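**Q** Okay, here's the structure, questions in a sec.
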Amino acid sequence: MSPIRAIVFFTLAVAFAAACTGSEPPWIFVSDQQEAGSNDAGDDAGADAGPQYVVTTLAGTGDAGAVDGPSDAATFSSPIGITLGPDGSLYVADWSNRRIRKIATDNTVSTYAGSTPGLANGDCLKEATFGGPYGVAADWAGNVYVADRDNHVIRKITSTSTTCQVSTLAGSGTAGFADDTGKAASFSSPTGVTVDASGNVYVADSGNNKIRKVTPAGDVTTFAGTGVGGNGDGDMATATFNIPYGIVVDAAGILYVSEHHDIRKITGGMVRTLAGSGSSGFTDGVGADAAFSGPHGLAIDASGNLYIGDTGNNAVRKILPTGEVTTFAGLRDAANKGVVGAADGPADKATFNTPVGVSVDSNVVYVADDSNQKIRKIASALDGGLP
């Protein structure tokens, strides 16, 4: 059973256990006037999912495995995080395989880094190992950052045309909490990462109920959160989080965080709840009138639309710049529950099975569809891109 599915089951019974995400690359620009939840919606802020959007399978047969090759023959095992690199390649945190996979622009899938479970640095394919890669993010230079959840560390993958190396940017390898530098710092089950234009990495430190910041030099500080579980808004030093999972930063430096059943926003030194009722549900609307079920991955596009892997609802949700929450893709049944499946087709008829990570470029939204062992994509039926 994938770690996400185990979490979802427990959430539906009581509450999420401390466990994603892919984050939006910083070269997708978002203006201050068009940040998610602002009052200045762009002309292309669309409505709910419908036949104008189409879901297809980009990679994966649906069988669990670690086969590289053409996308329609490749296999994954619990793909959780996903991010877009500056060259157009996708990087996938393939959790159960303990690997980072790469989907090139020609739709060829390869193993980018990792092999057996472990915590070893070095050559990406010959030496490096991961314990449980979860969230992934890429910077301007093509460096890939990994929230290695089960090792309680943040990893960095640096490659050139001839070399590929994995290093540990920060974390001791043991669950704990310490603000310090490099291996003297500690995390507890970090699940989400995102990187800003200056190379600072922000971490959803799930087990510590905090948002941490890691500088390019590996200096770790607490960015927001007291460490006490909760959903209290306020200034960053006193606000509380309830098992933060996913995180994304826009070009203006505004952070968005997914947690439990809410989406939080950090800007101007303050934390507020952007959307979500605090309880599990599947409701579109604005602010607290909307409801999610264990949202994980986050991505933001150039118009300020925020995309969410709404894991427990088997859907991809969207928060428009007006603050309105809509369902971007995923089928609901008569009881207003997300339908489990692997059907491609119009976005409002397509089905997912534990979608976790999301990433977006100017043309398409990519989804790490965990329990379907697939990477899905959502694009406009009109021209293959988002309107």
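A note on labels: chains of the structure tokens are A, B, ... as shown, every chain counts residues from 1, and ligands are counted from 1 in their shown order.
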Taking the DSSP assignment computed from this structure's backbone, write out as a PyMOL selection string all residues of region 56-201 of chain A that belong to strand (DSSP E or B).
**A** chain A and resi 56-59+64+69-70+76+79-84+90-94+99-103+108-113+117+120+122-123+129-130+133-138+144-148+153-159+164-170+178+181+186+190-195+201
**Q** Using DSSP secondary structure from the backbone, list all helix (DSSP H, G or I) positions within region 6-255 of chain A, as an MDAnalysis selection string.
**A** chainID A and resid 6:13 32:34 95:97 149:151 182:184 206:208
**Q** CA of Ile254 (chain A) and CA of Ser280 (chain A) are how many Å apart?
**A**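 Answer for the CA of Ile254 (chain A) to CA of Ser280 (chain A) separation: 25.5 Å.
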**Q** Between A:Gly114, A:Gly285, A:Gly132, A:Gly62, which residue has the minimum interatomic distance to Arg376 (chain A), considering only C-alpha atoms?
**A**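 Ranked by minimum distance to Arg376 (chain A), first place goes to A:Gly62.
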**Q** Using only C-alpha atoms, determine which residues lie at most 10 Å from Asp262 (chain A), disregarding the query and same-chain residues fewer than 2 positions distant; provide the list as a ChimeraX atom specification.
**A** /A:231,241-242,244,257-260,264,273-280,287-288,290-296
**Q** Counting only C-alpha atoms, give me one row per residue of region 256-283 of chain A with an atom at most 12 Å from an atom of region 219-223 of chain A, showing the shortest contact pair and its distance in Å to one decimal, sorted by chain then residue number, as CSV.
**A**
residue,atom,partner,partner_atom,distance
A:Ile266,CA,A:Phe223,CA,9.8
A:Thr267,CA,A:Phe223,CA,11.4
A:Gly269,CA,A:Phe223,CA,9.5
A:Met270,CA,A:Phe223,CA,10.8
A:Val271,CA,A:Phe223,CA,10.8
**Q** Tell me which protein, DNA and RNA residues are within 12 Å of Gly218 (chain A), counting only C-alpha atoms, leaving out same-chain ones fewer than 6 positions away, and put them as a ChimeraX atom specification.
**A** /A:153-156,167-172,179-186,199-202,212
**Q** Put those residues in a file: C-alpha atoms, as a compact mmCIF listing (two decimals), in the first residue's frame.
**A**
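New file again-v3.txt:
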# COMPACT_ATOMS: atom_id res chain seq x y z
CA VAL A 153 16.50 15.14 5.01
CA ILE A 154 16.46 17.46 2.01
CA ARG A 155 18.49 16.20 -0.93
CA LYS A 156 19.88 18.06 -3.93
CA SER A 167 24.06 15.46 -1.98
CA THR A 168 22.32 16.11 1.31
CA LEU A 169 21.54 19.82 1.52
CA ALA A 170 20.26 19.70 5.09
CA GLY A 171 19.15 17.23 7.74
CA SER A 172 20.77 14.80 10.14
CA ASP A 179 17.57 24.98 13.23
CA ASP A 180 21.22 24.85 12.20
CA THR A 181 23.37 24.27 9.13
CA GLY A 182 23.57 21.20 6.93
CA LYS A 183 23.64 17.92 8.80
CA ALA A 184 23.39 19.71 12.16
CA ALA A 185 19.81 20.67 11.32
CA SER A 186 16.99 18.19 11.64
CA GLY A 199 17.65 29.45 -4.53
CA ASN A 200 16.08 29.31 -1.06
CA VAL A 201 14.24 26.05 -0.45
CA TYR A 202 11.06 26.05 1.64
CA ARG A 212 11.28 25.64 7.29
